[in-house]
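Participant: Please find start.pdb (PDB, C-alpha atoms) on the next line:
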```
ATOM      1  CA  GLN A 226      82.240 -25.355  36.072  1.00  0.00           C
ATOM      2  CA  ASN A 227      78.615 -24.721  36.985  1.00  0.00           C
ATOM      3  CA  VAL A 228      79.694 -23.879  40.542  1.00  0.00           C
ATOM      4  CA  LYS A 229      81.755 -20.958  39.148  1.00  0.00           C
ATOM      5  CA  ASP A 230      78.698 -19.634  37.306  1.00  0.00           C
ATOM      6  CA  VAL A 231      76.417 -19.957  40.334  1.00  0.00           C
ATOM      7  CA  ARG A 232      78.971 -18.197  42.541  1.00  0.00           C
ATOM      8  CA  PHE A 233      79.301 -15.400  39.943  1.00  0.00           C
ATOM      9  CA  ALA A 234      75.500 -15.035  39.705  1.00  0.00           C
ATOM     10  CA  LYS A 235      75.126 -14.833  43.475  1.00  0.00           C
ATOM     11  CA  GLY A 236      77.886 -12.227  43.576  1.00  0.00           C
ATOM     12  CA  LYS A 237      75.979 -10.161  40.994  1.00  0.00           C
ATOM     13  CA  GLY A 238      72.916 -10.312  43.212  1.00  0.00           C
ATOM     14  CA  LEU A 239      70.709 -12.201  40.757  1.00  0.00           C
ATOM     15  CA  THR A 240      67.318 -13.363  41.980  1.00  0.00           C
ATOM     16  CA  GLY A 241      66.776 -16.827  43.400  1.00  0.00           C
ATOM     17  CA  SER A 242      64.729 -17.896  40.386  1.00  0.00           C
ATOM     18  CA  LEU A 243      67.521 -16.895  37.976  1.00  0.00           C
ATOM     19  CA  ILE A 244      70.089 -18.735  40.070  1.00  0.00           C
ATOM     20  CA  ASP A 245      67.808 -21.782  40.136  1.00  0.00           C
ATOM     21  CA  ARG A 246      67.570 -21.760  36.310  1.00  0.00           C
ATOM     22  CA  LEU A 247      71.336 -21.540  36.122  1.00  0.00           C
ATOM     23  CA  THR A 248      72.106 -24.291  38.652  1.00  0.00           C
ATOM     24  CA  LEU A 249      72.742 -27.741  37.206  1.00  0.00           C
ATOM     25  CA  ASP A 250      72.060 -30.776  39.361  1.00  0.00           C
ATOM     26  CA  GLU A 251      71.561 -34.456  38.557  1.00  0.00           C
ATOM     27  CA  SER A 252      67.875 -33.928  37.762  1.00  0.00           C
ATOM     28  CA  LYS A 253      68.544 -31.073  35.313  1.00  0.00           C
ATOM     29  CA  LEU A 254      71.372 -32.984  33.652  1.00  0.00           C
ATOM     30  CA  LYS A 255      68.987 -35.910  33.158  1.00  0.00           C
ATOM     31  CA  LYS A 256      66.460 -33.537  31.579  1.00  0.00           C
ATOM     32  CA  ILE A 257      69.164 -32.285  29.192  1.00  0.00           C
ATOM     33  CA  ALA A 258      70.046 -35.877  28.264  1.00  0.00           C
ATOM     34  CA  ASP A 259      66.345 -36.745  27.796  1.00  0.00           C
ATOM     35  CA  SER A 260      65.890 -33.691  25.578  1.00  0.00           C
ATOM     36  CA  LEU A 261      68.861 -34.719  23.423  1.00  0.00           C
ATOM     37  CA  ALA A 262      67.420 -38.231  23.076  1.00  0.00           C
ATOM     38  CA  ALA A 263      63.993 -36.833  22.138  1.00  0.00           C
ATOM     39  CA  ILE A 264      65.498 -34.559  19.472  1.00  0.00           C
ATOM     40  CA  ALA A 265      67.495 -37.480  18.056  1.00  0.00           C
ATOM     41  CA  LYS A 266      64.240 -39.441  17.656  1.00  0.00           C
ATOM     42  CA  LEU A 267      62.502 -36.662  15.692  1.00  0.00           C
ATOM     43  CA  PRO A 268      61.962 -37.377  12.004  1.00  0.00           C
ATOM     44  CA  ASP A 269      64.624 -35.972   9.680  1.00  0.00           C
ATOM     45  CA  PRO A 270      63.340 -32.606   8.429  1.00  0.00           C
ATOM     46  CA  VAL A 271      65.887 -32.321   5.601  1.00  0.00           C
ATOM     47  CA  GLY A 272      64.359 -33.384   2.318  1.00  0.00           C
ATOM     48  CA  ARG A 273      60.864 -33.714   3.794  1.00  0.00           C
ATOM     49  CA  VAL A 274      58.183 -32.701   1.299  1.00  0.00           C
ATOM     50  CA  ILE A 275      56.073 -30.030   2.977  1.00  0.00           C
ATOM     51  CA  SER A 276      53.628 -29.420   0.158  1.00  0.00           C
ATOM     52  CA  ILE A 277      53.073 -30.142  -3.507  1.00  0.00           C
ATOM     53  CA  THR A 278      51.228 -27.797  -5.859  1.00  0.00           C
ATOM     54  CA  ARG A 279      50.251 -28.625  -9.412  1.00  0.00           C
ATOM     55  CA  ARG A 280      49.989 -25.580 -11.684  1.00  0.00           C
ATOM     56  CA  PRO A 281      47.355 -25.374 -14.450  1.00  0.00           C
ATOM     57  CA  ASN A 282      50.122 -25.836 -17.048  1.00  0.00           C
ATOM     58  CA  GLY A 283      51.070 -29.185 -15.461  1.00  0.00           C
ATOM     59  CA  LEU A 284      54.165 -27.928 -13.648  1.00  0.00           C
ATOM     60  CA  THR A 285      54.587 -29.542 -10.223  1.00  0.00           C
ATOM     61  CA  ILE A 286      56.071 -27.372  -7.467  1.00  0.00           C
ATOM     62  CA  LYS A 287      57.337 -28.993  -4.285  1.00  0.00           C
ATOM     63  CA  LYS A 288      58.152 -27.204  -1.046  1.00  0.00           C
ATOM     64  CA  VAL A 289      60.951 -29.231   0.558  1.00  0.00           C
ATOM     65  CA  GLY A 290      62.679 -28.828   3.929  1.00  0.00           C
ATOM     66  CA  VAL A 291      66.300 -27.720   3.574  1.00  0.00           C
ATOM     67  CA  PRO A 292      68.937 -26.454   6.008  1.00  0.00           C
ATOM     68  CA  MET A 293      69.070 -22.691   6.487  1.00  0.00           C
ATOM     69  CA  GLY A 294      72.873 -22.542   6.770  1.00  0.00           C
ATOM     70  CA  VAL A 295      74.771 -20.883   9.595  1.00  0.00           C
ATOM     71  CA  ILE A 296      72.562 -19.878  12.511  1.00  0.00           C
ATOM     72  CA  LEU A 297      73.643 -17.538  15.304  1.00  0.00           C
ATOM     73  CA  ILE A 298      71.714 -18.196  18.493  1.00  0.00           C
ATOM     74  CA  ILE A 299      71.979 -15.581  21.245  1.00  0.00           C
ATOM     75  CA  TYR A 300      70.478 -16.676  24.535  1.00  0.00           C
ATOM     76  CA  GLU A 301      70.389 -15.860  28.190  1.00  0.00           C
ATOM     77  CA  SER A 302      71.607 -17.904  31.125  1.00  0.00           C
ATOM     78  CA  ARG A 303      70.024 -21.298  30.711  1.00  0.00           C
ATOM     79  CA  PRO A 304      72.666 -23.980  30.172  1.00  0.00           C
ATOM     80  CA  ASN A 305      70.143 -26.447  28.724  1.00  0.00           C
ATOM     81  CA  VAL A 306      69.717 -24.112  25.732  1.00  0.00           C
ATOM     82  CA  THR A 307      73.295 -24.863  24.636  1.00  0.00           C
ATOM     83  CA  ALA A 308      72.519 -28.574  24.339  1.00  0.00           C
ATOM     84  CA  ASP A 309      69.066 -28.092  22.785  1.00  0.00           C
ATOM     85  CA  CYS A 310      70.322 -25.656  20.136  1.00  0.00           C
ATOM     86  CA  MET A 311      73.251 -27.850  19.167  1.00  0.00           C
ATOM     87  CA  ALA A 312      70.985 -30.876  18.821  1.00  0.00           C
ATOM     88  CA  LEU A 313      68.263 -29.056  16.880  1.00  0.00           C
ATOM     89  CA  CYS A 314      70.764 -27.509  14.477  1.00  0.00           C
ATOM     90  CA  LEU A 315      72.464 -30.860  13.936  1.00  0.00           C
ATOM     91  CA  LYS A 316      69.112 -32.534  13.319  1.00  0.00           C
ATOM     92  CA  SER A 317      68.119 -29.881  10.776  1.00  0.00           C
ATOM     93  CA  GLY A 318      71.475 -29.888   8.972  1.00  0.00           C
ATOM     94  CA  ASN A 319      72.528 -26.417  10.090  1.00  0.00           C
ATOM     95  CA  SER A 320      75.740 -25.078  11.509  1.00  0.00           C
ATOM     96  CA  VAL A 321      75.387 -23.036  14.700  1.00  0.00           C
ATOM     97  CA  ILE A 322      77.238 -20.301  16.530  1.00  0.00           C
ATOM     98  CA  LEU A 323      76.222 -20.207  20.198  1.00  0.00           C
ATOM     99  CA  LYS A 324      76.390 -17.036  22.286  1.00  0.00           C
ATOM    100  CA  GLY A 325      75.031 -17.542  25.790  1.00  0.00           C
ATOM    101  CA  GLY A 326      74.708 -15.135  28.664  1.00  0.00           C
ATOM    102  CA  SER A 327      77.687 -14.215  30.836  1.00  0.00           C
ATOM    103  CA  GLU A 328      76.175 -15.801  33.952  1.00  0.00           C
ATOM    104  CA  ALA A 329      76.370 -19.287  32.392  1.00  0.00           C
ATOM    105  CA  LEU A 330      79.635 -18.888  30.477  1.00  0.00           C
ATOM    106  CA  HIS A 331      81.512 -21.764  32.170  1.00  0.00           C
ATOM    107  CA  SER A 332      78.527 -24.136  32.155  1.00  0.00           C
ATOM    108  CA  ASN A 333      77.764 -23.429  28.495  1.00  0.00           C
ATOM    109  CA  ALA A 334      81.419 -23.876  27.524  1.00  0.00           C
ATOM    110  CA  SER A 335      81.544 -27.276  29.250  1.00  0.00           C
ATOM    111  CA  ILE A 336      78.326 -28.498  27.649  1.00  0.00           C
ATOM    112  CA  TYR A 337      79.510 -27.248  24.261  1.00  0.00           C
ATOM    113  CA  ARG A 338      82.906 -28.961  24.620  1.00  0.00           C
ATOM    114  CA  ILE A 339      81.382 -32.315  25.605  1.00  0.00           C
ATOM    115  CA  LEU A 340      78.765 -32.322  22.841  1.00  0.00           C
ATOM    116  CA  ASN A 341      81.164 -31.020  20.192  1.00  0.00           C
ATOM    117  CA  GLN A 342      83.668 -33.785  21.011  1.00  0.00           C
ATOM    118  CA  ALA A 343      80.900 -36.402  20.872  1.00  0.00           C
ATOM    119  CA  ALA A 344      79.692 -35.043  17.518  1.00  0.00           C
ATOM    120  CA  MET A 345      83.185 -35.147  16.010  1.00  0.00           C
ATOM    121  CA  LYS A 346      83.597 -38.763  17.189  1.00  0.00           C
ATOM    122  CA  LYS A 347      80.445 -39.524  15.190  1.00  0.00           C
ATOM    123  CA  GLY A 348      81.845 -37.880  12.060  1.00  0.00           C
ATOM    124  CA  ILE A 349      80.374 -34.385  12.318  1.00  0.00           C
ATOM    125  CA  PRO A 350      82.988 -32.075  10.794  1.00  0.00           C
ATOM    126  CA  PRO A 351      84.926 -29.672  13.007  1.00  0.00           C
ATOM    127  CA  GLY A 352      83.414 -26.208  12.773  1.00  0.00           C
ATOM    128  CA  ALA A 353      79.822 -27.398  12.483  1.00  0.00           C
ATOM    129  CA  PHE A 354      79.339 -25.931  15.947  1.00  0.00           C
ATOM    130  CA  ALA A 355      81.006 -22.824  17.359  1.00  0.00           C
ATOM    131  CA  PHE A 356      80.850 -21.300  20.803  1.00  0.00           C
ATOM    132  CA  VAL A 357      81.527 -17.660  21.645  1.00  0.00           C
ATOM    133  CA  GLY A 358      83.551 -17.753  24.848  1.00  0.00           C
ATOM    134  CA  LYS A 359      83.426 -14.004  25.453  1.00  0.00           C
ATOM    135  CA  SER A 360      80.909 -12.375  27.724  1.00  0.00           C
ATOM    136  CA  ASP A 361      81.096  -8.864  26.263  1.00  0.00           C
ATOM    137  CA  ARG A 362      78.242  -7.404  24.239  1.00  0.00           C
ATOM    138  CA  ASN A 363      80.570  -5.931  21.594  1.00  0.00           C
ATOM    139  CA  SER A 364      81.137  -9.404  20.175  1.00  0.00           C
ATOM    140  CA  VAL A 365      77.367  -9.713  19.662  1.00  0.00           C
ATOM    141  CA  LYS A 366      77.259  -6.477  17.660  1.00  0.00           C
ATOM    142  CA  GLN A 367      80.163  -7.696  15.549  1.00  0.00           C
ATOM    143  CA  PHE A 368      78.442 -11.006  14.825  1.00  0.00           C
ATOM    144  CA  LEU A 369      75.199  -9.234  13.915  1.00  0.00           C
ATOM    145  CA  SER A 370      77.001  -7.456  11.074  1.00  0.00           C
ATOM    146  CA  LEU A 371      78.374 -10.645   9.475  1.00  0.00           C
ATOM    147  CA  ASN A 372      75.545 -11.133   6.980  1.00  0.00           C
ATOM    148  CA  HIS A 373      77.935 -12.613   4.412  1.00  0.00           C
ATOM    149  CA  PHE A 374      78.760 -15.485   6.768  1.00  0.00           C
ATOM    150  CA  ILE A 375      75.711 -15.946   8.995  1.00  0.00           C
ATOM    151  CA  ASP A 376      72.316 -16.708   7.447  1.00  0.00           C
ATOM    152  CA  LEU A 377      69.958 -16.347  10.398  1.00  0.00           C
ATOM    153  CA  VAL A 378      69.882 -15.029  13.979  1.00  0.00           C
ATOM    154  CA  ILE A 379      67.648 -16.425  16.695  1.00  0.00           C
ATOM    155  CA  PRO A 380      67.576 -14.503  19.974  1.00  0.00           C
ATOM    156  CA  ARG A 381      66.208 -16.558  22.881  1.00  0.00           C
ATOM    157  CA  GLY A 382      65.426 -14.611  25.981  1.00  0.00           C
ATOM    158  CA  GLY A 383      63.663 -11.568  27.280  1.00  0.00           C
ATOM    159  CA  GLU A 384      61.965  -8.893  25.243  1.00  0.00           C
ATOM    160  CA  GLY A 385      64.900  -6.493  25.672  1.00  0.00           C
ATOM    161  CA  LEU A 386      67.353  -8.971  24.139  1.00  0.00           C
ATOM    162  CA  ILE A 387      65.046  -9.721  21.231  1.00  0.00           C
ATOM    163  CA  ARG A 388      64.340  -6.047  20.546  1.00  0.00           C
ATOM    164  CA  GLU A 389      68.055  -5.118  20.638  1.00  0.00           C
ATOM    165  CA  VAL A 390      69.065  -7.971  18.314  1.00  0.00           C
ATOM    166  CA  ALA A 391      66.309  -7.096  15.835  1.00  0.00           C
ATOM    167  CA  LYS A 392      67.350  -3.425  15.908  1.00  0.00           C
ATOM    168  CA  VAL A 393      71.080  -4.002  15.385  1.00  0.00           C
ATOM    169  CA  SER A 394      71.170  -7.088  13.148  1.00  0.00           C
ATOM    170  CA  LYS A 395      72.001  -6.923   9.446  1.00  0.00           C
ATOM    171  CA  ILE A 396      71.034 -10.610   9.319  1.00  0.00           C
ATOM    172  CA  PRO A 397      67.442 -11.912   9.174  1.00  0.00           C
ATOM    173  CA  VAL A 398      66.094 -12.503  12.694  1.00  0.00           C
ATOM    174  CA  ILE A 399      63.512 -15.024  13.869  1.00  0.00           C
ATOM    175  CA  LYS A 400      61.829 -13.719  17.009  1.00  0.00           C
ATOM    176  CA  HIS A 401      59.796 -15.858  19.348  1.00  0.00           C
TER     177      HIS A 401
END
```
Starting from the coordinates I provided, produce the structure as structure tokens.

Facilitator:
Amino acid sequence: QNVKDVRFAKGKGLTGSLIDRLTLDESKLKKIADSLAAIAKLPDPVGRVISITRRPNGLTIKKVGVPMGVILIIYESRPNVTADCMALCLKSGNSVILKGGSEALHSNASIYRILNQAAMKKGIPPGAFAFVGKSDRNSVKQFLSLNHFIDLVIPRGGEGLIREVAKVSKIPVIKH
């Protein structure tokens, strides 16, 4: 599937560096697998006590790590982001909707399918992960208005993407 994406990117006249980021080879697949293993080894953030404050009246207040809910992640054409986002959301107890760039549509869909099937075999409920298989920008605008269903948006990419998401979204946005 990655070959289709690389061919499409070359046909669009993308730069060599963008095509290189998009191209998956054995080395990059190993890096994706290593990243998944590293995320799996991270300590469980859910339920972790972040801080404890004791008020003058004796009341103890604890700040505890909890899942955020449903996270929409919009990202550009880096197939490794699909795997990383799925793993990080699983680790933190969140559900995720993945919307990658059009140049990596086939690669992202394949990675999503493989990891989603593996997660379900391990007992993760269907629907914990979702993948947007459309490459049009109208679907993004529609998602950004679903504040009753999506709790947080994280745009990963260039400044233009981040600015546009922050401008249009009716959902809280975390910018990097």

Participant: Here is a test: counting all atoms listed in the file, which residue of A:Lys392, A:Arg279, A:Lys237, A:Lys316 is nearest to Ala262 (chain A)?

Facilitator: A:Lys316

Participant: Go ahead and find all residues with at least one atom no further than 8 Å from (73.5, -34.2, 27.7) in the file's coordinates, using only C-alpha atoms; report them as a VMD selection string.

Facilitator: chain A and resid 254 to 255 257 to 261 308 336 340

Participant: Identify which of the residues A:Ala334, A:Leu239, A:Ile298, A:Val289 lies closest to Asn227 (chain A), counting all atoms listed in the file when measuring atom-to-atom distances.

Facilitator: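 Smallest separation from Asn227 (chain A) among the options: A:Ala334.
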
Participant: Please list as a list in words every residue within 6 Å of Gly326 (chain A), counting all atoms listed in the file and excluding residues in the same chain fewer than 3 positions away.

Facilitator: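 Once the nearby chain positions are removed, what remains is Glu301, Ser302 and Ala329 of chain A.
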
Participant: Please, could you write that set of residues out with C-alpha atoms as a PDB file, in the coordinates of the input?

Facilitator:
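In the end it all went to result39.pdb:
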```
ATOM      1  CA  GLU A 301      70.389 -15.860  28.190  1.00  0.00           C
ATOM      2  CA  SER A 302      71.607 -17.904  31.125  1.00  0.00           C
ATOM      3  CA  ALA A 329      76.370 -19.287  32.392  1.00  0.00           C
TER       4      ALA A 329
END
```

Participant: If the PyMOL selection byres ((chain A and resi 333) around 12) were run on this exact file, what residues would it hold? Put them as a PDB file with C-alpha atoms, keeping the file's coordinate frame.

Facilitator:
```
ATOM      1  CA  GLN A 226      82.240 -25.355  36.072  1.00  0.00           C
ATOM      2  CA  ASN A 227      78.615 -24.721  36.985  1.00  0.00           C
ATOM      3  CA  LYS A 229      81.755 -20.958  39.148  1.00  0.00           C
ATOM      4  CA  ASP A 230      78.698 -19.634  37.306  1.00  0.00           C
ATOM      5  CA  LEU A 247      71.336 -21.540  36.122  1.00  0.00           C
ATOM      6  CA  THR A 248      72.106 -24.291  38.652  1.00  0.00           C
ATOM      7  CA  LEU A 249      72.742 -27.741  37.206  1.00  0.00           C
ATOM      8  CA  TYR A 300      70.478 -16.676  24.535  1.00  0.00           C
ATOM      9  CA  GLU A 301      70.389 -15.860  28.190  1.00  0.00           C
ATOM     10  CA  SER A 302      71.607 -17.904  31.125  1.00  0.00           C
ATOM     11  CA  ARG A 303      70.024 -21.298  30.711  1.00  0.00           C
ATOM     12  CA  PRO A 304      72.666 -23.980  30.172  1.00  0.00           C
ATOM     13  CA  ASN A 305      70.143 -26.447  28.724  1.00  0.00           C
ATOM     14  CA  VAL A 306      69.717 -24.112  25.732  1.00  0.00           C
ATOM     15  CA  THR A 307      73.295 -24.863  24.636  1.00  0.00           C
ATOM     16  CA  ALA A 308      72.519 -28.574  24.339  1.00  0.00           C
ATOM     17  CA  ASP A 309      69.066 -28.092  22.785  1.00  0.00           C
ATOM     18  CA  CYS A 310      70.322 -25.656  20.136  1.00  0.00           C
ATOM     19  CA  MET A 311      73.251 -27.850  19.167  1.00  0.00           C
ATOM     20  CA  LEU A 323      76.222 -20.207  20.198  1.00  0.00           C
ATOM     21  CA  LYS A 324      76.390 -17.036  22.286  1.00  0.00           C
ATOM     22  CA  GLY A 325      75.031 -17.542  25.790  1.00  0.00           C
ATOM     23  CA  GLY A 326      74.708 -15.135  28.664  1.00  0.00           C
ATOM     24  CA  SER A 327      77.687 -14.215  30.836  1.00  0.00           C
ATOM     25  CA  GLU A 328      76.175 -15.801  33.952  1.00  0.00           C
ATOM     26  CA  ALA A 329      76.370 -19.287  32.392  1.00  0.00           C
ATOM     27  CA  LEU A 330      79.635 -18.888  30.477  1.00  0.00           C
ATOM     28  CA  HIS A 331      81.512 -21.764  32.170  1.00  0.00           C
ATOM     29  CA  SER A 332      78.527 -24.136  32.155  1.00  0.00           C
ATOM     30  CA  ALA A 334      81.419 -23.876  27.524  1.00  0.00           C
ATOM     31  CA  SER A 335      81.544 -27.276  29.250  1.00  0.00           C
ATOM     32  CA  ILE A 336      78.326 -28.498  27.649  1.00  0.00           C
ATOM     33  CA  TYR A 337      79.510 -27.248  24.261  1.00  0.00           C
ATOM     34  CA  ARG A 338      82.906 -28.961  24.620  1.00  0.00           C
ATOM     35  CA  ILE A 339      81.382 -32.315  25.605  1.00  0.00           C
ATOM     36  CA  LEU A 340      78.765 -32.322  22.841  1.00  0.00           C
ATOM     37  CA  ASN A 341      81.164 -31.020  20.192  1.00  0.00           C
ATOM     38  CA  ALA A 355      81.006 -22.824  17.359  1.00  0.00           C
ATOM     39  CA  PHE A 356      80.850 -21.300  20.803  1.00  0.00           C
ATOM     40  CA  VAL A 357      81.527 -17.660  21.645  1.00  0.00           C
ATOM     41  CA  GLY A 358      83.551 -17.753  24.848  1.00  0.00           C
ATOM     42  CA  LYS A 359      83.426 -14.004  25.453  1.00  0.00           C
ATOM     43  CA  SER A 360      80.909 -12.375  27.724  1.00  0.00           C
TER      44      SER A 360
END
```

Participant: Per residue of region 306-358 of chain A within 10 Å of region 372-375 of chain A, note the shortest atom pair and the distance in Å to one decimal, counting only C-alpha atoms, and order the rows by chain and increasing residue number, as JSON lines.

Facilitator:
```
{"residue": "A:Ser320", "atom": "CA", "partner": "A:Ile375", "partner_atom": "CA", "distance": 9.5}
{"residue": "A:Val321", "atom": "CA", "partner": "A:Ile375", "partner_atom": "CA", "distance": 9.1}
{"residue": "A:Ile322", "atom": "CA", "partner": "A:Ile375", "partner_atom": "CA", "distance": 8.8}
```
